[in-house]
$ cat coords_26.pdb   # PDB, C-alpha atoms, pLDDT in the B column
ATOM      1  CA  GLY N   1       0.000   0.000   0.000  1.00 65.00           C
ATOM      2  CA  ARG N   2       0.828   3.661  -0.257  1.00 75.00           C
ATOM      3  CA  ALA N   3       1.242   5.999   2.693  1.00 84.00           C
ATOM      4  CA  PRO N   4      -0.978   9.117   2.797  1.00 85.00           C
ATOM      5  CA  GLY N   5       0.572  11.796   0.591  1.00 85.00           C
ATOM      6  CA  GLN N   6       2.999   9.343  -1.051  1.00 85.00           C
ATOM      7  CA  MET N   7       3.384   9.747  -4.818  1.00 84.00           C
ATOM      8  CA  CYS N   8       1.768   7.127  -7.039  1.00 79.00           C
ATOM      9  CA  LYS N   9       4.212   5.182  -9.214  1.00 79.00           C
ATOM     10  CA  ILE N  10       3.037   4.558 -12.766  1.00 80.00           C
ATOM     11  CA  PRO N  11       4.130   1.129 -14.040  1.00 77.00           C
ATOM     12  CA  LYS N  12       6.323   0.974 -17.126  1.00 86.00           C
ATOM     13  CA  THR N  13       5.406  -2.598 -18.053  1.00 88.00           C
ATOM     14  CA  GLU N  14       2.164  -4.543 -18.385  1.00 85.00           C
ATOM     15  CA  HIS N  15       1.607  -6.817 -15.375  1.00 80.00           C
ATOM     16  CA  PHE N  16      -1.468  -8.683 -16.613  1.00 82.00           C
ATOM     17  CA  GLU N  17      -4.345  -8.438 -19.054  1.00 86.00           C
ATOM     18  CA  ILE N  18      -7.939  -8.416 -17.868  1.00 85.00           C
ATOM     19  CA  PRO N  19     -10.290 -10.589 -19.936  1.00 84.00           C
ATOM     20  CA  THR N  20     -13.698  -8.993 -20.482  1.00 81.00           C
ATOM     21  CA  PRO N  21     -16.870  -9.974 -22.331  1.00 83.00           C
ATOM     22  CA  ALA N  22     -16.816  -9.394 -26.108  1.00 79.00           C
ATOM     23  CA  LEU N  23     -18.543  -6.005 -25.786  1.00 89.00           C
ATOM     24  CA  GLY N  24     -15.928  -4.724 -23.333  1.00 91.00           C
ATOM     25  CA  CYS N  25     -15.685  -2.806 -20.098  1.00 92.00           C
ATOM     26  CA  LEU N  26     -17.294   0.600 -19.512  1.00 91.00           C
ATOM     27  CA  LEU N  27     -15.853   1.551 -16.135  1.00 94.00           C
ATOM     28  CA  MET N  28     -13.398   0.434 -13.499  1.00 94.00           C
ATOM     29  CA  SER N  29     -12.927   1.228  -9.826  1.00 95.00           C
ATOM     30  CA  PHE N  30     -10.056   0.372  -7.477  1.00 94.00           C
ATOM     31  CA  SER N  31     -10.883  -0.370  -3.842  1.00 93.00           C
ATOM     32  CA  ASN N  32      -9.728   2.207  -1.312  1.00 90.00           C
ATOM     33  CA  ASP N  33      -6.831  -0.007  -0.215  1.00 90.00           C
ATOM     34  CA  GLY N  34      -5.828  -0.716  -3.843  1.00 89.00           C
ATOM     35  CA  ARG N  35      -6.163  -4.485  -3.420  1.00 92.00           C
ATOM     36  CA  TRP N  36      -9.243  -4.980  -5.641  1.00 94.00           C
ATOM     37  CA  LEU N  37     -10.342  -3.830  -9.093  1.00 95.00           C
ATOM     38  CA  ALA N  38     -14.009  -3.889 -10.132  1.00 96.00           C
ATOM     39  CA  CYS N  39     -14.746  -3.741 -13.872  1.00 96.00           C
ATOM     40  CA  GLY N  40     -18.255  -2.854 -15.068  1.00 95.00           C
ATOM     41  CA  CYS N  41     -18.702  -4.785 -18.318  1.00 94.00           C
ATOM     42  CA  VAL N  42     -21.205  -5.189 -21.135  1.00 93.00           C
ATOM     43  CA  GLY N  43     -22.375  -8.744 -21.800  1.00 86.00           C
ATOM     44  CA  LYS N  44     -24.917 -10.105 -24.249  1.00 84.00           C
ATOM     45  CA  ASP N  45     -27.784 -10.392 -21.768  1.00 85.00           C
ATOM     46  CA  SER N  46     -26.458  -8.654 -18.660  1.00 88.00           C
ATOM     47  CA  HIS N  47     -23.899  -6.157 -17.421  1.00 93.00           C
ATOM     48  CA  PRO N  48     -21.608  -8.143 -15.103  1.00 94.00           C
ATOM     49  CA  ILE N  49     -19.076  -6.676 -12.707  1.00 95.00           C
ATOM     50  CA  LEU N  50     -15.786  -8.581 -12.722  1.00 94.00           C
ATOM     51  CA  VAL N  51     -13.664  -8.330  -9.572  1.00 95.00           C
ATOM     52  CA  TYR N  52      -9.905  -8.964  -9.643  1.00 94.00           C
ATOM     53  CA  SER N  53      -7.246  -8.961  -6.937  1.00 93.00           C
ATOM     54  CA  ILE N  54      -4.351  -6.552  -7.366  1.00 90.00           C
ATOM     55  CA  PRO N  55      -1.403  -6.817  -8.070  1.00 85.00           C
ATOM     56  CA  ASP N  56      -1.653 -10.396  -9.418  1.00 90.00           C
ATOM     57  CA  GLY N  57      -4.862  -9.939 -11.474  1.00 91.00           C
ATOM     58  CA  THR N  58      -6.587 -13.088 -10.204  1.00 93.00           C
ATOM     59  CA  HIS N  59     -10.314 -13.167 -11.019  1.00 94.00           C
ATOM     60  CA  HIS N  60     -12.341 -13.550  -7.801  1.00 93.00           C
ATOM     61  CA  HIS N  61     -15.987 -12.774  -8.585  1.00 92.00           C
ATOM     62  CA  THR N  62     -18.377 -12.244 -11.463  1.00 93.00           C
ATOM     63  CA  LEU N  63     -21.197 -10.172 -10.007  1.00 93.00           C
ATOM     64  CA  THR N  64     -24.444 -10.456 -11.959  1.00 91.00           C
ATOM     65  CA  GLY N  65     -27.733  -8.717 -11.391  1.00 88.00           C
ATOM     66  CA  HIS N  66     -27.697  -5.551 -13.521  1.00 89.00           C
ATOM     67  CA  TYR N  67     -29.508  -5.716 -16.856  1.00 89.00           C
ATOM     68  CA  ASN N  68     -28.630  -2.335 -18.325  1.00 90.00           C
ATOM     69  CA  ILE N  69     -25.662   0.045 -18.514  1.00 91.00           C
ATOM     70  CA  LEU N  70     -23.755   0.611 -15.288  1.00 92.00           C
ATOM     71  CA  TYR N  71     -23.505   4.249 -14.245  1.00 90.00           C
ATOM     72  CA  ASP N  72     -21.063   4.022 -11.377  1.00 91.00           C
ATOM     73  CA  LEU N  73     -19.029   1.749  -9.110  1.00 94.00           C
ATOM     74  CA  LYS N  74     -17.879   2.910  -5.667  1.00 91.00           C
ATOM     75  CA  TRP N  75     -16.082   1.085  -2.879  1.00 92.00           C
ATOM     76  CA  TYR N  76     -17.094   1.646   0.731  1.00 87.00           C
ATOM     77  CA  LYS N  77     -15.000  -0.230   3.266  1.00 85.00           C
ATOM     78  CA  GLN N  78     -15.257  -3.894   2.130  1.00 86.00           C
ATOM     79  CA  SER N  79     -18.400  -3.395   0.035  1.00 89.00           C
ATOM     80  CA  LEU N  80     -18.847  -2.414  -3.603  1.00 92.00           C
ATOM     81  CA  LEU N  81     -21.756  -0.161  -4.547  1.00 90.00           C
ATOM     82  CA  SER N  82     -23.117  -0.147  -8.101  1.00 91.00           C
ATOM     83  CA  ALA N  83     -25.791   1.911  -9.858  1.00 89.00           C
ATOM     84  CA  SER N  84     -27.334   1.087 -13.216  1.00 88.00           C
ATOM     85  CA  SER N  85     -29.768   2.455 -15.779  1.00 86.00           C
ATOM     86  CA  ASP N  86     -31.979  -0.560 -14.959  1.00 85.00           C
ATOM     87  CA  CYS N  87     -33.160   1.673 -12.056  1.00 83.00           C
ATOM     88  CA  THR N  88     -31.377  -0.323  -9.380  1.00 84.00           C
ATOM     89  CA  ALA N  89     -28.435   0.129  -7.089  1.00 84.00           C
ATOM     90  CA  ARG N  90     -26.749  -2.828  -5.470  1.00 87.00           C
ATOM     91  CA  VAL N  91     -24.505  -3.310  -2.477  1.00 87.00           C
ATOM     92  CA  TRP N  92     -22.085  -6.200  -3.030  1.00 87.00           C
ATOM     93  CA  ARG N  93     -20.092  -7.998  -0.352  1.00 86.00           C
ATOM     94  CA  ASN N  94     -18.308 -11.343  -0.793  1.00 81.00           C
ATOM     95  CA  GLY N  95     -20.045 -11.950  -4.129  1.00 77.00           C
ATOM     96  CA  LYS N  96     -23.564 -11.472  -2.717  1.00 78.00           C
ATOM     97  CA  THR N  97     -25.869  -8.521  -3.345  1.00 77.00           C
ATOM     98  CA  ARG N  98     -28.638  -6.476  -1.829  1.00 72.00           C
ATOM     99  CA  LYS N  99     -30.778  -4.554  -4.353  1.00 63.00           C
ATOM    100  CA  THR N 100     -32.236  -1.067  -3.921  1.00 66.00           C
ATOM    101  CA  ASP N 101     -34.791   0.257  -6.398  1.00 61.00           C
ATOM    102  CA  GLY N 102     -34.894   3.943  -7.263  1.00 59.00           C
ATOM    103  CA  ALA N 103     -33.732   6.638  -9.644  1.00 54.00           C
ATOM    104  CA  PRO N 104     -30.123   5.620 -10.473  1.00 51.00           C
ATOM    105  CA  PHE N 105     -28.845   9.163 -11.068  1.00 52.00           C
ATOM    106  CA  LEU N 106     -29.911  10.049  -7.519  1.00 53.00           C
ATOM    107  CA  LEU N 107     -28.326   6.860  -6.232  1.00 55.00           C
ATOM    108  CA  CYS N 108     -25.032   7.713  -7.988  1.00 55.00           C
ATOM    109  CA  THR N 109     -25.034  11.120  -6.318  1.00 54.00           C
ATOM    110  CA  ALA N 110     -25.793   9.544  -2.957  1.00 52.00           C
ATOM    111  CA  LEU N 111     -23.083   6.910  -3.443  1.00 55.00           C
ATOM    112  CA  SER N 112     -20.510   9.584  -4.265  1.00 55.00           C
ATOM    113  CA  GLY N 113     -21.255  11.474  -1.053  1.00 54.00           C
ATOM    114  CA  TRP N 114     -21.511   8.330   1.056  1.00 52.00           C
ATOM    115  CA  THR N 115     -18.160   6.937  -0.051  1.00 48.00           C
ATOM    116  CA  ARG N 116     -16.345  10.168   0.841  1.00 47.00           C
ATOM    117  CA  GLU N 117     -17.433   9.869   4.477  1.00 45.00           C
ATOM    118  CA  LYS N 118     -14.875   8.496   6.904  1.00 43.00           C
TER     119      LYS N 118
END

$ encode --input "coords_26.pdb" --output "structure tokens"
Amino acid sequence: GRAPGQMCKIPKTEHFEIPTPALGCLLMSFSNDGRWLACGCVGKDSHPILVYSIPDGTHHHTLTGHYNILYDLKWYKQSLLSASSDCTARVWRNGKTRKTDGAPFLLCTALSGWTREK
């Protein structure tokens, strides 16, 4: 990990390649501790979130449950929060989810404020 205020080192070589569905990945989000990477992807029938460990790039979870474009991914402690244009937001922990229905643009705004809290 990095100490507060420590400069971020940009790698000069590729460490691993992340496989994604044929239609690709729309957004990515690193966990606050930098140990996890969530990738919001576009599949044929769903929009899965692929979770990888960092720095080795091991695939740990394929999170399914969104059926339209993902708007945002935010980490809060050990949970991942996602909002989608399918009018749902989900809280993910250990590969399991809890769904919240509502206007996703409001949920994205709420998630942004919530994840900045300490």

$ resolve_selection --input "coords_26.pdb" --expression "the PyMOL selection byres ((chain N and resi 77) around 9)" --output "number ranges by chain"
N: 31-33, 75-76, 78-80, 115

$ resolve_selection --input "coords_26.pdb" --expression "the PyMOL selection byres ((chain N and resi 62) around 9)" --output "PyMOL selection string"
chain N and resi 48-51+59-61+63-64+95

$ resolve_selection --input "coords_26.pdb" --expression "the PyMOL selection byres ((chain N and resi 84) around 7)" --output "ChimeraX atom specification"
/N:66,68-71,82-83,85-89,104

$ closest_residue --input "coords_26.pdb" --among "N:Leu81, N:Ser53, N:Lys44, N:Cys8" --to "N:Tyr67" --atoms "only C-alpha atoms"
N:Lys44

$ atom_distance --input "coords_26.pdb" --atom1 "atom CA of N:Leu23" --atom2 "atom CA of N:Cys41"
7.6 Å

$ decode --input "coords_26.pdb" --residues "stretch 18-39 of chain N" --atoms "N, CA, C and O atoms" --output "mmCIF file, in the first residue's frame"
data_model
loop_
_atom_site.group_PDB
_atom_site.id
_atom_site.type_symbol
_atom_site.label_atom_id
_atom_site.label_comp_id
_atom_site.auth_asym_id
_atom_site.auth_seq_id
_atom_site.Cartn_x
_atom_site.Cartn_y
_atom_site.Cartn_z
ATOM 1 N N ILE N 18 -6.651 -8.061 -18.444
ATOM 2 C CA ILE N 18 -7.939 -8.416 -17.868
ATOM 3 C C ILE N 18 -8.889 -8.869 -18.978
ATOM 4 O O ILE N 18 -9.214 -8.090 -19.867
ATOM 5 N N PRO N 19 -9.320 -10.136 -18.938
ATOM 6 C CA PRO N 19 -10.290 -10.589 -19.936
ATOM 7 C C PRO N 19 -11.670 -10.008 -19.628
ATOM 8 O O PRO N 19 -12.080 -9.950 -18.469
ATOM 9 N N THR N 20 -12.352 -9.547 -20.646
ATOM 10 C CA THR N 20 -13.698 -8.993 -20.482
ATOM 11 C C THR N 20 -14.621 -9.625 -21.499
ATOM 12 O O THR N 20 -14.164 -10.220 -22.480
ATOM 13 N N PRO N 21 -15.943 -9.487 -21.307
ATOM 14 C CA PRO N 21 -16.870 -9.974 -22.331
ATOM 15 C C PRO N 21 -16.585 -9.286 -23.675
ATOM 16 O O PRO N 21 -15.940 -8.240 -23.732
ATOM 17 N N ALA N 22 -17.099 -9.872 -24.746
ATOM 18 C CA ALA N 22 -16.816 -9.394 -26.108
ATOM 19 C C ALA N 22 -17.148 -7.917 -26.310
ATOM 20 O O ALA N 22 -16.484 -7.226 -27.078
ATOM 21 N N LEU N 23 -18.146 -7.398 -25.600
ATOM 22 C CA LEU N 23 -18.543 -6.005 -25.786
ATOM 23 C C LEU N 23 -17.750 -5.041 -24.902
ATOM 24 O O LEU N 23 -17.949 -3.842 -24.970
ATOM 25 N N GLY N 24 -16.874 -5.561 -24.061
ATOM 26 C CA GLY N 24 -15.928 -4.724 -23.333
ATOM 27 C C GLY N 24 -16.330 -4.280 -21.940
ATOM 28 O O GLY N 24 -17.290 -4.761 -21.354
ATOM 29 N N CYS N 25 -15.559 -3.338 -21.455
ATOM 30 C CA CYS N 25 -15.685 -2.806 -20.098
ATOM 31 C C CYS N 25 -15.940 -1.304 -20.184
ATOM 32 O O CYS N 25 -15.225 -0.597 -20.888
ATOM 33 N N LEU N 26 -16.946 -0.823 -19.468
ATOM 34 C CA LEU N 26 -17.294 0.600 -19.512
ATOM 35 C C LEU N 26 -16.646 1.416 -18.408
ATOM 36 O O LEU N 26 -16.378 2.584 -18.580
ATOM 37 N N LEU N 27 -16.444 0.805 -17.239
ATOM 38 C CA LEU N 27 -15.853 1.551 -16.135
ATOM 39 C C LEU N 27 -15.133 0.622 -15.189
ATOM 40 O O LEU N 27 -15.395 -0.574 -15.144
ATOM 41 N N MET N 28 -14.176 1.197 -14.461
ATOM 42 C CA MET N 28 -13.398 0.434 -13.499
ATOM 43 C C MET N 28 -13.251 1.254 -12.225
ATOM 44 O O MET N 28 -13.281 2.482 -12.265
ATOM 45 N N SER N 29 -13.092 0.550 -11.105
ATOM 46 C CA SER N 29 -12.927 1.228 -9.826
ATOM 47 C C SER N 29 -12.020 0.397 -8.925
ATOM 48 O O SER N 29 -12.284 -0.784 -8.686
ATOM 49 N N PHE N 30 -10.943 1.022 -8.441
ATOM 50 C CA PHE N 30 -10.056 0.372 -7.477
ATOM 51 C C PHE N 30 -10.625 0.546 -6.077
ATOM 52 O O PHE N 30 -11.170 1.603 -5.748
ATOM 53 N N SER N 31 -10.471 -0.487 -5.244
ATOM 54 C CA SER N 31 -10.883 -0.370 -3.842
ATOM 55 C C SER N 31 -9.998 0.664 -3.165
ATOM 56 O O SER N 31 -8.912 0.998 -3.646
ATOM 57 N N ASN N 32 -10.462 1.167 -2.032
ATOM 58 C CA ASN N 32 -9.728 2.207 -1.312
ATOM 59 C C ASN N 32 -8.336 1.773 -0.886
ATOM 60 O O ASN N 32 -7.418 2.588 -0.827
ATOM 61 N N ASP N 33 -8.151 0.478 -0.608
ATOM 62 C CA ASP N 33 -6.831 -0.007 -0.215
ATOM 63 C C ASP N 33 -5.983 -0.450 -1.414
ATOM 64 O O ASP N 33 -4.846 -0.867 -1.258
ATOM 65 N N GLY N 34 -6.563 -0.371 -2.630
ATOM 66 C CA GLY N 34 -5.828 -0.716 -3.843
ATOM 67 C C GLY N 34 -5.659 -2.198 -4.088
ATOM 68 O O GLY N 34 -4.969 -2.607 -5.011
ATOM 69 N N ARG N 35 -6.330 -3.029 -3.297
ATOM 70 C CA ARG N 35 -6.163 -4.485 -3.420
ATOM 71 C C ARG N 35 -7.159 -5.145 -4.356
ATOM 72 O O ARG N 35 -7.021 -6.318 -4.691
ATOM 73 N N TRP N 36 -8.192 -4.420 -4.794
ATOM 74 C CA TRP N 36 -9.243 -4.980 -5.641
ATOM 75 C C TRP N 36 -9.553 -4.032 -6.795
ATOM 76 O O TRP N 36 -9.484 -2.817 -6.639
ATOM 77 N N LEU N 37 -9.930 -4.599 -7.926
ATOM 78 C CA LEU N 37 -10.342 -3.830 -9.093
ATOM 79 C C LEU N 37 -11.676 -4.374 -9.562
ATOM 80 O O LEU N 37 -11.802 -5.570 -9.845
ATOM 81 N N ALA N 38 -12.689 -3.508 -9.621
ATOM 82 C CA ALA N 38 -14.009 -3.889 -10.132
ATOM 83 C C ALA N 38 -14.149 -3.315 -11.536
ATOM 84 O O ALA N 38 -13.863 -2.140 -11.768
ATOM 85 N N CYS N 39 -14.586 -4.147 -12.474
ATOM 86 C CA CYS N 39 -14.746 -3.741 -13.872
ATOM 87 C C CYS N 39 -16.208 -3.918 -14.269
ATOM 88 O O CYS N 39 -16.717 -5.034 -14.264
#
